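Chemist: For reference, the file run19.txt (compact mmCIF, C-alpha atoms) is included below:
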# COMPACT_ATOMS: atom_id res chain seq x y z
CA MET A 1 -38.32 26.65 -91.54
CA PRO A 2 -39.45 27.33 -87.93
CA ALA A 3 -36.82 28.29 -85.37
CA GLN A 4 -35.82 25.51 -83.01
CA LYS A 5 -37.45 25.75 -79.61
CA PRO A 6 -35.08 26.67 -76.78
CA THR A 7 -34.24 23.82 -74.43
CA VAL A 8 -34.60 24.51 -70.70
CA LEU A 9 -32.83 22.38 -68.08
CA ILE A 10 -34.23 22.26 -64.53
CA THR A 11 -31.71 21.20 -61.89
CA GLY A 12 -33.04 20.28 -58.46
CA ALA A 13 -36.04 18.87 -60.35
CA THR A 14 -37.14 16.67 -57.45
CA GLY A 15 -36.85 19.44 -54.86
CA GLN A 16 -39.41 22.02 -53.82
CA ILE A 17 -38.58 24.91 -56.17
CA GLY A 18 -37.33 22.78 -59.05
CA SER A 19 -40.34 20.49 -59.14
CA ASP A 20 -42.80 23.36 -58.93
CA THR A 21 -40.98 25.28 -61.68
CA LEU A 22 -41.08 22.15 -63.81
CA ARG A 23 -44.81 21.79 -63.20
CA ARG A 24 -45.44 25.40 -64.21
CA LEU A 25 -43.46 24.99 -67.45
CA GLN A 26 -44.75 21.56 -68.41
CA ALA A 27 -47.67 22.76 -70.53
CA ASP A 28 -45.73 25.52 -72.32
CA ASP A 29 -45.03 24.44 -75.90
CA SER A 30 -42.65 27.34 -76.62
CA ILE A 31 -39.78 25.43 -74.98
CA THR A 32 -38.36 21.93 -74.75
CA LEU A 33 -38.22 20.95 -71.08
CA VAL A 34 -35.52 18.73 -69.56
CA ALA A 35 -35.32 17.55 -65.93
CA ALA A 36 -31.98 16.74 -64.31
CA VAL A 37 -32.08 13.63 -62.11
CA ARG A 38 -29.53 11.63 -60.14
CA SER A 39 -31.09 8.19 -60.61
CA SER A 40 -32.90 6.30 -63.34
CA ALA A 41 -35.76 5.58 -60.91
CA LYS A 42 -36.43 9.29 -60.50
CA GLY A 43 -36.02 9.73 -64.23
CA GLN A 44 -38.74 7.20 -64.96
CA VAL A 45 -41.26 9.27 -62.99
CA PHE A 46 -40.62 12.30 -65.21
CA GLU A 47 -40.39 10.28 -68.42
CA SER A 48 -43.83 8.81 -67.66
CA GLN A 49 -45.13 12.40 -67.65
CA GLY A 50 -43.56 13.09 -71.02
CA ILE A 51 -40.65 15.10 -69.61
CA HIS A 52 -37.22 14.28 -71.03
CA THR A 53 -34.53 13.67 -68.41
CA VAL A 54 -30.74 13.69 -68.19
CA MET A 55 -28.53 12.17 -65.51
CA LEU A 56 -26.76 14.91 -63.55
CA ASP A 57 -25.04 14.70 -60.18
CA PHE A 58 -23.25 17.83 -58.98
CA ASP A 59 -20.77 15.62 -57.12
CA LYS A 60 -19.91 13.62 -60.27
CA GLU A 61 -18.29 16.09 -62.61
CA GLU A 62 -18.26 13.57 -65.45
CA THR A 63 -22.08 13.88 -65.60
CA LEU A 64 -22.09 17.64 -66.20
CA ALA A 65 -20.97 17.98 -69.82
CA PRO A 66 -23.26 15.26 -71.22
CA ALA A 67 -26.26 16.68 -69.33
CA LEU A 68 -25.62 20.18 -70.69
CA GLN A 69 -25.35 19.29 -74.36
CA GLY A 70 -27.95 21.20 -76.39
CA ILE A 71 -29.20 23.20 -73.40
CA ASP A 72 -30.03 26.90 -73.90
CA ARG A 73 -31.36 27.97 -70.50
CA VAL A 74 -30.87 26.59 -66.99
CA LEU A 75 -32.47 26.85 -63.57
CA LEU A 76 -29.51 26.37 -61.22
CA VAL A 77 -30.54 25.01 -57.81
CA THR A 78 -27.86 23.68 -55.48
CA GLY A 79 -28.12 21.94 -52.10
CA TYR A 80 -27.70 23.19 -48.56
CA THR A 81 -23.99 22.52 -48.11
CA VAL A 82 -20.80 24.52 -48.57
CA ASP A 83 -20.12 22.20 -51.52
CA MET A 84 -22.54 24.40 -53.48
CA LEU A 85 -19.59 26.75 -54.21
CA ARG A 86 -17.47 24.06 -55.88
CA GLN A 87 -20.50 22.45 -57.51
CA SER A 88 -21.74 25.72 -58.99
CA LYS A 89 -18.33 26.63 -60.43
CA ALA A 90 -17.85 23.23 -62.07
CA PHE A 91 -21.40 23.30 -63.45
CA LEU A 92 -21.08 26.85 -64.81
CA ASP A 93 -17.72 26.12 -66.43
CA GLN A 94 -19.27 23.21 -68.31
CA ALA A 95 -22.39 25.22 -69.13
CA LYS A 96 -20.22 27.87 -70.75
CA LEU A 97 -18.43 25.27 -72.86
CA ALA A 98 -21.80 23.77 -73.86
CA GLY A 99 -23.09 27.12 -75.10
CA VAL A 100 -25.78 27.71 -72.47
CA GLN A 101 -27.10 31.24 -72.87
CA HIS A 102 -29.22 32.14 -69.83
CA ILE A 103 -28.84 31.11 -66.17
CA VAL A 104 -31.62 31.58 -63.63
CA HIS A 105 -29.91 31.12 -60.28
CA LEU A 106 -31.80 30.31 -57.08
CA GLY A 107 -29.88 32.20 -54.44
CA ALA A 108 -30.70 33.32 -50.91
CA CYS A 109 -31.87 36.33 -48.91
CA GLY A 110 -30.06 39.53 -48.36
CA ARG A 111 -28.83 42.90 -49.44
CA ASP A 112 -25.71 43.10 -51.60
CA ASP A 113 -23.53 43.84 -48.56
CA THR A 114 -24.75 40.89 -46.46
CA THR A 115 -22.27 39.17 -44.18
CA VAL A 116 -24.55 36.22 -43.39
CA ALA A 117 -22.25 33.46 -44.60
CA HIS A 118 -24.54 31.15 -46.59
CA TRP A 119 -26.31 34.12 -48.18
CA ALA A 120 -22.93 35.54 -49.20
CA TRP A 121 -21.93 32.21 -50.78
CA HIS A 122 -24.85 32.57 -53.17
CA GLN A 123 -23.77 36.10 -54.02
CA LEU A 124 -20.31 34.79 -54.91
CA VAL A 125 -22.00 32.36 -57.31
CA GLU A 126 -23.98 35.29 -58.76
CA ARG A 127 -20.74 37.17 -59.44
CA TYR A 128 -19.21 34.09 -61.08
CA ILE A 129 -22.22 33.76 -63.37
CA GLU A 130 -21.79 37.38 -64.42
CA TRP A 131 -18.02 37.09 -64.84
CA ALA A 132 -18.48 34.06 -67.08
CA GLY A 133 -20.57 36.19 -69.42
CA PHE A 134 -23.95 34.46 -69.18
CA SER A 135 -27.23 36.24 -69.57
CA PHE A 136 -28.66 35.87 -66.07
CA THR A 137 -31.53 36.34 -63.66
CA HIS A 138 -30.66 36.16 -59.96
CA LEU A 139 -33.46 35.12 -57.61
CA ARG A 140 -33.00 35.97 -53.93
CA PRO A 141 -35.96 34.53 -52.04
CA GLU A 142 -36.42 35.64 -48.47
CA THR A 143 -37.52 33.04 -45.91
CA PHE A 144 -39.80 30.35 -47.35
CA MET A 145 -43.26 30.24 -45.77
CA GLN A 146 -43.07 26.46 -46.30
CA ASN A 147 -40.47 26.33 -43.52
CA LEU A 148 -43.45 26.44 -41.15
CA LEU A 149 -44.80 23.23 -42.67
CA SER A 150 -41.56 21.33 -42.07
CA TYR A 151 -37.85 22.02 -41.72
CA GLY A 152 -35.17 19.38 -41.91
CA GLY A 153 -37.86 16.73 -42.13
CA THR A 154 -39.53 17.68 -38.84
CA GLN A 155 -42.92 19.29 -38.28
CA VAL A 156 -42.50 22.87 -37.06
CA VAL A 157 -46.01 23.61 -35.76
CA GLN A 158 -47.15 20.97 -33.28
CA GLN A 159 -50.45 21.19 -31.39
CA GLY A 160 -50.67 24.91 -32.00
CA VAL A 161 -47.12 25.71 -30.88
CA ILE A 162 -44.49 27.18 -33.23
CA ARG A 163 -41.01 26.41 -31.91
CA GLN A 164 -38.34 28.46 -33.65
CA PHE A 165 -35.07 30.22 -32.96
CA THR A 166 -35.25 33.89 -33.97
CA GLY A 167 -36.55 35.62 -30.84
CA ASP A 168 -39.03 38.38 -31.62
CA ALA A 169 -37.41 39.31 -34.95
CA ARG A 170 -39.54 40.14 -37.96
CA LEU A 171 -38.48 38.20 -41.08
CA SER A 172 -39.39 38.80 -44.70
CA TRP A 173 -41.33 35.85 -46.18
CA VAL A 174 -42.19 34.38 -49.57
CA ASP A 175 -44.31 31.43 -50.68
CA ALA A 176 -41.99 28.93 -52.42
CA GLU A 177 -44.63 28.49 -55.11
CA ASP A 178 -44.25 32.19 -55.93
CA VAL A 179 -40.48 31.73 -56.23
CA ALA A 180 -41.12 28.95 -58.75
CA LEU A 181 -43.50 31.20 -60.66
CA ALA A 182 -40.81 33.90 -60.88
CA ALA A 183 -38.25 31.29 -62.00
CA ALA A 184 -40.61 30.02 -64.71
CA GLN A 185 -41.13 33.52 -66.08
CA ALA A 186 -37.38 34.22 -66.14
CA LEU A 187 -36.81 30.96 -68.05
CA LEU A 188 -39.60 31.63 -70.55
CA HIS A 189 -38.71 35.30 -71.15
CA PRO A 190 -34.97 35.82 -70.61
CA GLU A 191 -35.04 38.93 -72.80
CA LYS A 192 -37.35 40.58 -70.25
CA HIS A 193 -35.61 39.37 -67.09
CA ALA A 194 -31.94 39.37 -68.15
CA GLY A 195 -29.59 41.30 -65.92
CA GLN A 196 -32.09 41.43 -63.07
CA THR A 197 -31.59 40.58 -59.41
CA TYR A 198 -34.98 39.95 -57.86
CA ARG A 199 -35.31 39.96 -54.10
CA LEU A 200 -38.47 38.00 -53.39
CA GLY A 201 -40.08 38.84 -50.05
CA TYR A 202 -43.60 40.17 -49.62
CA ASP A 203 -44.74 39.92 -46.00
CA ALA A 204 -42.69 40.86 -42.93
CA LYS A 205 -43.82 39.04 -39.80
CA SER A 206 -42.40 37.67 -36.57
CA TYR A 207 -43.33 34.15 -35.52
CA GLY A 208 -45.53 35.67 -32.83
CA GLU A 209 -47.46 37.63 -35.47
CA ILE A 210 -47.78 34.49 -37.62
CA ALA A 211 -49.18 32.58 -34.63
CA ALA A 212 -51.78 35.36 -34.17
CA ILE A 213 -52.80 35.08 -37.85
CA MET A 214 -53.16 31.30 -37.48
CA GLN A 215 -55.32 31.71 -34.41
CA GLN A 216 -57.53 34.26 -36.15
CA GLU A 217 -57.90 32.25 -39.37
CA LEU A 218 -58.20 28.75 -37.91
CA GLY A 219 -60.14 29.51 -34.73
CA GLU A 220 -57.79 27.53 -32.50
CA PRO A 221 -55.11 28.70 -30.06
CA PHE A 222 -51.64 29.18 -31.53
CA ARG A 223 -48.55 30.55 -29.86
CA TYR A 224 -44.84 30.97 -30.54
CA GLU A 225 -42.19 29.52 -28.25
CA ALA A 226 -38.80 31.09 -28.87
CA LEU A 227 -36.05 28.52 -28.36
CA PRO A 228 -32.28 29.05 -28.00
CA PRO A 229 -30.52 28.57 -31.37
CA GLU A 230 -28.24 26.04 -29.68
CA ILE A 231 -31.17 23.59 -29.75
CA PHE A 232 -31.35 23.96 -33.54
CA LEU A 233 -27.64 23.19 -33.81
CA GLU A 234 -27.97 20.02 -31.72
CA ASN A 235 -31.05 18.92 -33.68
CA MET A 236 -29.21 19.30 -36.99
CA ARG A 237 -26.16 17.47 -35.66
CA ALA A 238 -28.37 14.61 -34.47
CA ALA A 239 -30.07 14.50 -37.88
CA GLY A 240 -26.70 14.10 -39.62
CA ALA A 241 -26.94 17.41 -41.47
CA GLU A 242 -23.93 19.05 -43.11
CA MET A 243 -22.63 21.11 -40.20
CA ALA A 244 -20.56 23.72 -42.03
CA TYR A 245 -23.81 24.96 -43.55
CA MET A 246 -25.94 24.46 -40.44
CA SER A 247 -23.41 26.36 -38.33
CA CYS A 248 -24.03 29.32 -40.63
CA VAL A 249 -27.79 28.93 -40.15
CA TYR A 250 -27.25 28.80 -36.37
CA ASP A 251 -25.21 31.98 -36.55
CA HIS A 252 -27.85 33.84 -38.56
CA TYR A 253 -30.59 32.73 -36.14
CA LYS A 254 -28.57 34.36 -33.36
CA ARG A 255 -28.19 37.51 -35.47
CA TYR A 256 -31.92 37.61 -36.26
CA GLY A 257 -32.68 37.43 -32.54
CA ALA A 258 -30.19 40.21 -31.81
CA HIS A 259 -31.66 42.36 -34.63
CA THR A 260 -28.24 42.70 -36.28
CA ILE A 261 -29.11 41.63 -39.85
CA PRO A 262 -29.74 44.79 -41.92
CA GLY A 263 -32.75 44.37 -44.19
CA ALA A 264 -34.02 41.20 -42.50
CA ASP A 265 -37.58 42.44 -42.91
CA ASP A 266 -37.23 44.13 -46.32
CA THR A 267 -40.29 43.63 -48.54
CA PHE A 268 -40.73 44.41 -52.22
CA GLU A 269 -43.30 45.47 -54.82
CA ASN A 270 -41.71 43.66 -57.79
CA PHE A 271 -43.83 40.51 -58.01
CA PRO A 272 -46.66 41.79 -60.24
CA GLY A 273 -44.06 43.11 -62.68
CA ILE A 274 -42.29 39.74 -62.79
CA THR A 275 -45.34 37.48 -62.97
CA GLY A 276 -48.48 39.56 -63.57
CA GLN A 277 -49.89 38.31 -60.24
CA GLU A 278 -50.01 39.37 -56.60
CA PRO A 279 -47.75 37.42 -54.23
CA VAL A 280 -49.13 35.17 -51.51
CA ARG A 281 -49.10 36.75 -48.06
CA TRP A 282 -49.50 35.09 -44.68
CA VAL A 283 -53.29 35.16 -44.35
CA GLU A 284 -53.66 33.48 -47.74
CA PHE A 285 -50.89 30.98 -46.99
CA VAL A 286 -52.51 29.93 -43.72
CA ARG A 287 -55.86 29.49 -45.44
CA LYS A 288 -54.22 27.48 -48.24
CA HIS A 289 -52.51 25.11 -45.76
CA ARG A 290 -55.12 25.09 -42.99
CA THR A 291 -55.21 21.29 -42.85
CA ALA A 292 -51.46 21.17 -42.16
CA PHE A 293 -51.72 23.64 -39.26
CA ALA A 294 -55.05 22.57 -37.71
CA TYR A 295 -55.01 20.22 -34.73
Here is the file; what I need is its structure written in the form of structure tokens.

Modeler:
Amino acid sequence: MPAQKPTVLITGATGQIGSDTLRRLQADDSITLVAAVRSSAKGQVFESQGIHTVMLDFDKEETLAPALQGIDRVLLVTGYTVDMLRQSKAFLDQAKLAGVQHIVHLGACGRDDTTVAHWAWHQLVERYIEWAGFSFTHLRPETFMQNLLSYGGTQVVQQGVIRQFTGDARLSWVDAEDVALAAAQALLHPEKHAGQTYRLGYDAKSYGEIAAIMQQELGEPFRYEALPPEIFLENMRAAGAEMAYMSCVYDHYKRYGAHTIPGADDTFENFPGITGQEPVRWVEFVRKHRTAFAY
């Protein structure tokens, strides 16, 4: 009698990383794929693609246990609020009771000793995963290249001008699609990736250097305009964002600009070992998204 295929639950299935991970796993017949959704309307979209769905809302704890029944492996993706701490604990407690074996956690940037608040929150979740006794893979993506396409629903590059808040600091960058590829591999092969913390950052550039790459690749003028982080804070407040989290982002923008975040531009050689591929770097990313940046 053949062994039952492991069942993999993707949380954040309608978000950037979750949806791309789901897409990468969809054709793999070694697993049974399940997408977590918060509404039946979103569920119907997945069901029409042949992907089974479960109703799961991190803010409705009564949805957690039913969604986790029969699940073997999970991609845990939480939202950009301080509630992620409470949500993650409640979810992981129920996952343990349900017999989930392997957790792939989407965390945030940073060295182990980071004091950037929202990065440290994710490291607390990592420790809780370990304490609970799960097999685990921790993903720590550096800054998403996609942030230059849009952030908080607004276009970042307008008429050749990048307006951002980090001064002349160099940041470490990763294509979100590469993060999803790493997540997919960790979910498919937990025996290979168990116990690993993968920092995912492969190209260190300042916004000024990125503007120069855009100009070279697209043949149009691009420049970077460094704005005070206070403008970011006001924009987020006006947009109705969760301000406990956005205040942390504001603080780390100030620290980037002051060059007081150790390892802000750390880059790594681990991607080929995780995925068998080379990571996307800025020249390739600009070429891939040239229509979004051109004007």

Chemist: Between atom CA of Ala35 of chain A and atom CA of Gln87 of chain A, what distance in Å does the model show, to one decimal?

Modeler: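 For atom CA of Ala35 of chain A relative to atom CA of Gln87 of chain A, the distance reads 17.7 Å.
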
Chemist: How many Å lie between atom CA of Asp178 of chain A and atom CA of Ser150 of chain A, rounded to one decimal?

Modeler: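 That distance, rounded to one decimal, is 17.8 Å.
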
Chemist: As a PyMOL selection string, please: the residues near segment 28-34 of chain A (cut-off 10 Å, all atoms listed in the file, same-chain neighbours under 5 positions excluded).

Modeler: chain A and resi 4-11+13+22-23+46-47+50-54+67+71-74+187-188

Chemist: How many Å separate atom CA of Ala98 of chain A from atom CA of Gly133 of chain A?

Modeler: 13.2 Å

Chemist: Within 12 Å of Arg287 of chain A, counting all atoms listed in the file, which residues show up once you throw out same-chain ones fewer than 2 positions away? Write them as JSON, numbers by chain, please.

Modeler: {"A": [213, 214, 215, 216, 217, 218, 219, 280, 281, 282, 283, 284, 285, 289, 290, 291, 292, 293, 294]}

Chemist: Any idea what's packed within 8 Å of segment 134-144 of chain A, counting only C-alpha atoms, ignoring anything in its chain fewer than 2 positions away? Could you give it as a ChimeraX atom specification?

Modeler: /A:96,100-110,126,129-132,146-147,171-176,179,183,186,190,193-201
